[in-house]
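To start, the structure under review is shown below, and the notes come after it.
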Amino acid sequence: KMVLAQVVYQGKNDSEDSGLRFATCQLLWKQINSETEKIQEELNKQLFDNLIHFLRQSHSELQTKKTEWMCRMKSSEIPTAALVLGVNVTDHDMTFKSLSEVLQDNVTPYVVSLQAKECPGIKHLLQKLMGQLMDCNVDVDSSEEEECVNISQKKIRCSMASLSKWYESVTKKTDSETPSKKRTSSSRHWQSPPIVVIFKDMESFTTKVLQDFIVISSQHIREFPLVLIFGIATSPMIIHRLLPHSVSSLLCIELFQSLSCKEHLATVIDKLLLTTQFPFKLSEKVLQVLINIFLYHDFSVQNFIKGFQLSIVEHFYSQPLSVLCCQLLEAKKRVNSLSHNQCENIRSLPSFRRYVESQVSEKQIALLTEDSFLKEVTQTLLEDLHIYHENYFTVLRCLHVFTTSLPKYPLGKQIRELHCACLGKSVWETEEYESAIQLLRMLAKDELVAILQKCAEIFISSSGKQFSNTVEKLEEFLARFQNLEETSEVQDVSVSSQKELQKTTDLYHLQKTLLALKESKRSKKLTKFEMLRFEVVDFIDSLVRSYLAPAEMQTLNEVVYFNTANTLREHLNAAPRIALHTALNNPYCYLKNQTLKSDVGCISNTAPDICIVYKLHLECGRLINLVDWLEAFSTVVTAVEGTDPDAVATDQVDEIIHARFIRAVSELELLGFIKPSKQKTDHVARLTWGGC
Amino acid sequence: MPNFEHPEYPEATLLHLESMVPCRESQVSSLLSIFGERQHFSFPSIFIYGHTSCGKTYVMQTLLETLELPHVFVNCVECFTSRLLLEEILTQLQSLSSEKKHGSHVPCDTFNDFVRLFKQEIITQDLQNQTVYIVLDKAEQLREMEANVLPGFLRLQEMTDRNVTVIFLSEIVWELFRPNTGCLEPFTLYFSDYSIVCRDLKELRHLAALNFTKYCEPVVRGEANERDTRRLWKNIESHLKKAMQTVYLREISSSQWERIQKDDGEPGHLKGLSAHAHVELPYYSKFLLIAAYLASYNPARTDKRFFLKHHGKIKKTNFLKKHEKTSNHLLGPKPFPLDRLLAILYSIVDNKVAPTANIFSQITSLVTLQLLTLVGHDDQLDGPKYKCTVSLDFIRAIARTVNFDIIKYLYDFL
């Protein structure tokens, strides 16, 4: 954070409010961060409740068993929760952290989390397990601290026997104390809280360790209540792959599934982006970058949020006017204290220039010359922008209700897809929108009514007051649909013309009536329902046209929209091989040295040695002859110095050049482009192919 | 008239013992005769082997406890180092005669120390005149420990010069134990299976426990009596079949099974573990996995045929080598270098893929998820090699989600 502060301060001088910008940025991030945590908590609630229920059941069941031998049978099984979390491993840490917190608060103080890399052997596993347990004992009761220290100093013997002894001693103590835990009275097993062992990454554990641990602990299961939680990233089949039947028969496995990461992302987008709660917005391209990384690469919601954070930082750092990216009232206040420099910044915004051009000439002059007038106008423009957003999100949700009911989802199934479509360009000009409207005109009545009801709810719950008309209109539509049912009548126009057709015998007349009939069919009187449907669709279309205009068209959108997608892509989806290739192939790109600039295609001798060696090696096959390579290198290098005919004549490579060559080649080896080969003497093997 | 006859022990005890060990009378009586009287020296070591749950541990425990013989019982899986094992034996030895339940901790690092401490302990416990039995359960673990541990236990009687017998319990035969440096051979004793059909008594008991109430139902309802086995069997048969398909394989847990029984519902709505085989992967991870599968099961020579646009007409027979007549799928996945994986990836993905850091980290994640494995990873710069470990069904399901017809690209199905 300190670094961040420095960066923002250094970025622009203080006439551009860098201090304030930094403060705003931090405040915003704090709010967003707490919001994301809240979302996560809500999403995990169901899962955690189920798990806690399972934990409660698992060991209390034993006491209520009817037949004694059945109880004995069951009690030798270790209750195990297989927790399927999905492949987004980077998100799991967060889940496990809150899981152990929840368990510690509600179920038992003895929660142990194990990671595969800490447990290469059963010994390490037990060490880790006991270490965490003994520590948590200190947390529970500080008066016991001395004794615990003694234990740890004695270098605890890592065996299950000592673990069960420890458990006995701990529970005895809590028994003698007053039953402080809340639920003690209701369920007996609360007096002996279970020991919960979480295997965070089941897939990475070796079978040997897992098997040994399960076999050992199953023999002590009667001495202390143990519950295992397997964190599974792929599928629960992995349990069968890791554990043979003789071991898995010692477990009593129940399956739990977390919310899918896609649903999680949808909620995050819904709560962070499709809301006026936070002033900061992402442009279509930036959002696309973030979503693409999510869908194509990692499925990680954490990374998505990190990307969002980076966009915030980047926006506040690079855009001086981001100082106005805060709540509307505050922003209006800040406008008043803008410096002249900042006013000039506003004037140079493309969207503002567009706005100026659309004004009458006196106003244009005033806007461009008077700071006070500019500030006044800016305030109203900011308000307009805010209203635009309020309307935008409401209408977007409404349109989404319509488009999700369509077959094949021409505008996308998720609201984020619809949002991207509307953000970038005028959605009503796209083909997809056209086909969506076509499909809407064919909706069945029940569906249409249901959709309209949902829309009405959305509009009612929206904060904007300007939608009271819309709500009225929607309710009117609904009422008319209601009426339709009562007065549905059959049109007999076509029936009568059919009769006419039968009457006519004359060919000419027949032709004429047929034509008329065809005509009437084309412009056939629509049923009342169809008429109404057209009206509804037209109404929705008009809403879209007036409220879902792309953000780029809005004046001052640059203040709140972050749109340098390239920067973000470079940071989040780096291409190291391409960067390395560029650096070696075109050193000017990074060194910015004018002498290197002219260099296109040919090999410049002014380039660093490693670049020359790299370019030469690109022309070689799988095996590179070192002597030839040195020769070529020497030719290139001496071509500059050029004036030394002796060196060329004697066919003897200069010692310095030789040394430079060796150094460059070993640098290439270090970078992983070549390696020494045993196939041929004095040859090295190439390891990379293609331009990147 | 008891089956067991032994002058040392009272008849009542022997009768009681007999009732405790059904179907194991012959083994017990031979053990009894080997043990002899309390003060007799017995075999220095006895090796007992037999399948899972054929009563080895149970019989030994019952025998030693009923006859009140001084003994120490340790599980070698639990004591995973020799130090733990030796200390555990000494600790248990301490608590043999003394009233306190847990003996104090005795540090013991080497077998040499153990022999010394063991001798001392026998004297302090006043056990010189009886055979002390040390039972090592799951003895196959001893092979993982230091080389001197197993031969040491085999000769414990000789080394300590005390009346001690070490009993090994194992699921595998003695031939797999015998160290190549030679050792004192133990007396071996085989515990046969209880019957030909039952391979695992524990599982049988488990299933019986779970289904017994259901079995009794007709009796409780008064529709049948206890002897009416045919009717009872008819009632339980389908139910038991379901149990064999679910609980027995640990597809669903025993408590879930009980809940289903209580609700009298079908287990159909409760999916087993294997029903959740589907794995959701990011878009490029799917293609990486498909590329890895192709690279693992197609010979590298055939890549041209599958991934070049104008490969001409190459029939399978043209590049069929003699040894390749067997299906690659029967031979299992072959390792492939990273470059080949990326090359195949670039050609099967429709749009252009940049080799970004994300792509490389996705390969690593696939390795941590155990969908790929890294082969011979001594040098990361030296072009790492991978193997694809997923099944054909799995990869077909993945390919279907991205509309990729993987069968068309597999050499085996050409």
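In the structure tokens, each chain is lettered A, B, ... as it comes, each chain's residues begin at 1, and ligands are numbered from 1 in order of appearance.
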
Sorted by chain and rising residue number, list the residues of chain A at most 7 Å from chain B (counting only C-alpha atoms), each with its closest atom pair and distance in Å to one decimal, as CSV.
```
residue,atom,partner,partner_atom,distance
A:Met70,CA,B:Ala209,CA,5.4
A:Met73,CA,B:His206,CA,6.4
A:Val87,CA,B:Leu281,CA,6.6
A:Glu203,CA,B:Leu369,CA,5.9
A:Ser204,CA,B:Thr368,CA,6.2
A:Asp212,CA,B:Val77,CA,6.6
A:Ile216,CA,B:Glu78,CA,5.3
A:Ala233,CA,B:Leu369,CA,7.0
A:Thr234,CA,B:Val279,CA,5.6
A:Ser235,CA,B:Ala277,CA,5.4
A:Pro236,CA,B:Leu273,CA,5.5
A:Met237,CA,B:Ser274,CA,5.5
A:Ser248,CA,B:Arg250,CA,7.0
A:Ser249,CA,B:Arg250,CA,6.7
A:Cys252,CA,B:Ser253,CA,4.9
A:Ile253,CA,B:Ser253,CA,5.0
A:Glu254,CA,B:Ser253,CA,6.0
A:Leu295,CA,B:Pro282,CA,5.4
A:Tyr296,CA,B:Tyr283,CA,4.4
A:His297,CA,B:Pro282,CA,5.5
A:Asp298,CA,B:Pro282,CA,6.0
A:Phe299,CA,B:Pro282,CA,6.0
A:Asn573,CA,B:Thr356,CA,6.2
A:Ala574,CA,B:Thr356,CA,5.6
A:Ala575,CA,B:Thr356,CA,3.9
A:Pro576,CA,B:Ala357,CA,6.4
A:Gly672,CA,B:Leu381,CA,5.6
```

query = Quick one: residues within 10 Å of Leu630 of chain A, only C-alpha atoms counted, chain neighbours fewer than 4 positions away excluded, as a ChimeraX atom specification?
reply = /A:613,616,625-626,634-636,653,657-658,660-662,665

ask   = Where in segment 511-607 of chain A does DSSP assign alpha helix (DSSP H), given as number ranges by chain?
value = A: 511-522, 528-547, 557-560, 565-572, 576-585, 588-591

inquiry  = Using only C-alpha atoms, which protein or nucleic acid residues come within 12 Å of Tyr547 of chain A? Drop anything in the same chain fewer than 6 positions from it, and give the result as a ChimeraX atom specification.
reply    = /A:385,387-399,422-423,426-428,466-467,540-541,553-554

query = Quick one: residues within 12 Å of Ala292 of chain B, only C-alpha atoms counted, chain neighbours fewer than 6 positions away excluded, as a ChimeraX atom specification?
reply = /B:284-286,298,333-345,348,363,366-367,371-374,385-391,395,406,410

File dump, residues just selected, N, CA, C and O atoms, as a CSV table (one decimal), in the first residue's frame:
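The file below, result.csv, is the result:
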```csv
chain,number,residue,atom,x,y,z
B,284,TYR,N,-9.4,-23.1,-22.3
B,284,TYR,CA,-8.1,-23.6,-22.8
B,284,TYR,C,-7.6,-24.8,-22.1
B,284,TYR,O,-6.9,-25.6,-22.6
B,285,SER,N,-8.0,-25.0,-20.8
B,285,SER,CA,-7.6,-26.2,-20.1
B,285,SER,C,-8.2,-27.4,-20.8
B,285,SER,O,-7.5,-28.5,-20.8
B,286,LYS,N,-9.4,-27.3,-21.2
B,286,LYS,CA,-10.0,-28.4,-21.9
B,286,LYS,C,-9.2,-28.7,-23.1
B,286,LYS,O,-8.9,-29.9,-23.4
B,298,ASN,N,-1.4,-40.9,-29.6
B,298,ASN,CA,-1.0,-41.0,-31.0
B,298,ASN,C,0.5,-41.1,-31.1
B,298,ASN,O,1.2,-40.3,-30.4
B,333,PRO,N,-0.9,-44.5,-21.7
B,333,PRO,CA,-0.4,-43.2,-22.2
B,333,PRO,C,1.1,-43.2,-22.3
B,333,PRO,O,1.8,-43.8,-21.5
B,334,LYS,N,1.6,-42.5,-23.3
B,334,LYS,CA,3.1,-42.4,-23.5
B,334,LYS,C,3.5,-40.9,-23.2
B,334,LYS,O,2.7,-40.0,-23.4
B,335,PRO,N,4.7,-40.8,-22.7
B,335,PRO,CA,5.1,-39.4,-22.4
B,335,PRO,C,5.4,-38.6,-23.7
B,335,PRO,O,5.7,-39.1,-24.7
B,336,PHE,N,5.2,-37.3,-23.6
B,336,PHE,CA,5.4,-36.4,-24.7
B,336,PHE,C,6.0,-35.1,-24.2
B,336,PHE,O,5.8,-34.7,-23.1
B,337,PRO,N,6.8,-34.4,-25.1
B,337,PRO,CA,7.4,-33.2,-24.6
B,337,PRO,C,6.5,-32.0,-24.7
B,337,PRO,O,5.5,-32.0,-25.4
B,338,LEU,N,6.8,-31.0,-24.0
B,338,LEU,CA,5.9,-29.8,-23.9
B,338,LEU,C,5.7,-29.2,-25.3
B,338,LEU,O,4.6,-28.7,-25.6
B,339,ASP,N,6.7,-29.1,-26.1
B,339,ASP,CA,6.6,-28.5,-27.4
B,339,ASP,C,5.5,-29.1,-28.3
B,339,ASP,O,4.8,-28.5,-29.0
B,340,ARG,N,5.5,-30.5,-28.2
B,340,ARG,CA,4.5,-31.2,-29.0
B,340,ARG,C,3.1,-30.9,-28.5
B,340,ARG,O,2.2,-30.7,-29.3
B,341,LEU,N,3.0,-30.8,-27.2
B,341,LEU,CA,1.7,-30.4,-26.6
B,341,LEU,C,1.2,-29.1,-27.1
B,341,LEU,O,0.1,-28.9,-27.6
B,342,LEU,N,2.1,-28.1,-27.1
B,342,LEU,CA,1.7,-26.8,-27.6
B,342,LEU,C,1.4,-26.8,-29.0
B,342,LEU,O,0.4,-26.1,-29.5
B,343,ALA,N,2.2,-27.5,-29.8
B,343,ALA,CA,2.0,-27.5,-31.3
B,343,ALA,C,0.6,-28.1,-31.6
B,343,ALA,O,-0.1,-27.5,-32.4
B,344,ILE,N,0.2,-29.2,-30.9
B,344,ILE,CA,-1.1,-29.7,-31.1
B,344,ILE,C,-2.2,-28.8,-30.7
B,344,ILE,O,-3.2,-28.6,-31.4
B,345,LEU,N,-1.9,-28.1,-29.5
B,345,LEU,CA,-2.9,-27.1,-29.0
B,345,LEU,C,-3.2,-26.1,-30.1
B,345,LEU,O,-4.3,-25.8,-30.4
B,348,ILE,N,-5.4,-27.3,-32.8
B,348,ILE,CA,-6.8,-27.8,-32.6
B,348,ILE,C,-7.7,-26.6,-32.1
B,348,ILE,O,-8.9,-26.7,-32.2
B,363,ILE,N,-1.1,-25.6,-17.5
B,363,ILE,CA,-0.5,-26.9,-17.6
B,363,ILE,C,-0.1,-27.4,-16.3
B,363,ILE,O,-0.4,-28.5,-15.9
B,366,LEU,N,-3.1,-28.5,-14.3
B,366,LEU,CA,-3.5,-29.8,-14.7
B,366,LEU,C,-2.7,-30.9,-14.1
B,366,LEU,O,-3.2,-31.9,-13.7
B,367,VAL,N,-1.4,-30.6,-13.9
B,367,VAL,CA,-0.5,-31.5,-13.2
B,367,VAL,C,-1.0,-31.7,-11.7
B,367,VAL,O,-1.1,-32.8,-11.2
B,371,LEU,N,-4.5,-34.6,-13.6
B,371,LEU,CA,-5.0,-35.0,-14.9
B,371,LEU,C,-3.9,-35.2,-15.9
B,371,LEU,O,-4.0,-35.9,-16.8
B,372,LEU,N,-2.8,-34.5,-15.6
B,372,LEU,CA,-1.5,-34.8,-16.3
B,372,LEU,C,-0.5,-35.2,-15.2
B,372,LEU,O,-0.6,-34.8,-14.1
B,373,THR,N,0.5,-36.0,-15.7
B,373,THR,CA,1.6,-36.2,-14.7
B,373,THR,C,2.9,-35.8,-15.4
B,373,THR,O,3.1,-35.9,-16.6
B,374,LEU,N,3.8,-35.3,-14.6
B,374,LEU,CA,5.1,-34.9,-15.1
B,374,LEU,C,6.0,-36.1,-15.0
B,374,LEU,O,6.1,-36.8,-14.0
B,385,LYS,N,8.6,-33.4,-19.8
B,385,LYS,CA,7.7,-34.3,-20.5
B,385,LYS,C,6.5,-34.7,-19.6
B,385,LYS,O,6.6,-34.7,-18.4
B,386,TYR,N,5.4,-34.9,-20.2
B,386,TYR,CA,4.1,-35.1,-19.5
B,386,TYR,C,3.5,-36.4,-20.0
B,386,TYR,O,3.8,-36.9,-21.1
B,387,LYS,N,2.5,-36.9,-19.2
B,387,LYS,CA,1.7,-38.0,-19.6
B,387,LYS,C,0.2,-37.5,-19.3
B,387,LYS,O,0.0,-36.9,-18.3
B,388,CYS,N,-0.7,-38.0,-20.1
B,388,CYS,CA,-2.1,-37.6,-19.8
B,388,CYS,C,-2.7,-38.8,-19.1
B,388,CYS,O,-2.6,-40.0,-19.6
B,389,THR,N,-3.3,-38.6,-18.0
B,389,THR,CA,-3.8,-39.7,-17.2
B,389,THR,C,-5.3,-39.9,-17.1
B,389,THR,O,-5.8,-40.7,-16.4
B,390,VAL,N,-6.0,-39.2,-18.0
B,390,VAL,CA,-7.5,-39.3,-17.9
B,390,VAL,C,-7.9,-40.4,-18.9
B,390,VAL,O,-7.2,-40.8,-19.8
B,391,SER,N,-9.2,-40.9,-18.6
B,391,SER,CA,-9.7,-42.0,-19.4
B,391,SER,C,-10.3,-41.5,-20.7
B,391,SER,O,-10.6,-40.3,-20.8
B,395,ILE,N,-12.2,-37.9,-21.5
B,395,ILE,CA,-11.8,-36.9,-22.5
B,395,ILE,C,-12.9,-36.7,-23.6
B,395,ILE,O,-13.1,-35.6,-24.1
B,406,ILE,N,-13.1,-35.9,-31.0
B,406,ILE,CA,-11.8,-36.4,-30.7
B,406,ILE,C,-11.5,-37.7,-31.3
B,406,ILE,O,-10.4,-38.0,-31.7
B,410,LEU,N,-7.9,-39.7,-33.3
B,410,LEU,CA,-7.2,-40.7,-32.6
B,410,LEU,C,-6.8,-41.8,-33.5
B,410,LEU,O,-7.6,-42.4,-34.2
```

ask   = Nearest to Val173 of chain B: which of B:Arg400, B:His51, B:Arg38, B:Lys304 is it, counting only C-alpha atoms?
value =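 Ranking B:Arg400, B:His51, B:Arg38, B:Lys304 by distance to Val173 of chain B, first place goes to B:His51.
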
ask   = Which polymer residues have any atom within 12 Å of an atom of Thr57 of chain B, counting only C-alpha atoms, with same-chain residues fewer than 6 positions away left out, as an NGL selection string?
value = :B and (21 or 48-51 or 63-64 or 73-75 or 135-139 or 167-171 or 191)

query = Pick from B:Gly376, B:Pro107, B:Gly55, B:Gly152: nearest to Val166 of chain B, with only C-alpha atoms counted?
reply =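 Looking at the shortest contact to Val166 of chain B, the residue is B:Gly152.
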
request  = Kindly indicate which residue among A:Ser468, A:Ser546, A:Gln40, A:Asn557 lies nearest to Tyr355 of chain A, using only C-alpha atoms for the distances.
outcome  =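 Closest to Tyr355 of chain A, using only C-alpha atoms: A:Asn557.
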
request  = Compile the contact shell of segment 525-538 of chain A as a list in words: residues with an atom at most 7 Å away, counting only C-alpha atoms, same-chain residues fewer than 4 positions apart removed.
outcome  =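 Selected residues are Leu440, Arg441, Leu484 and Ser542 of chain A.
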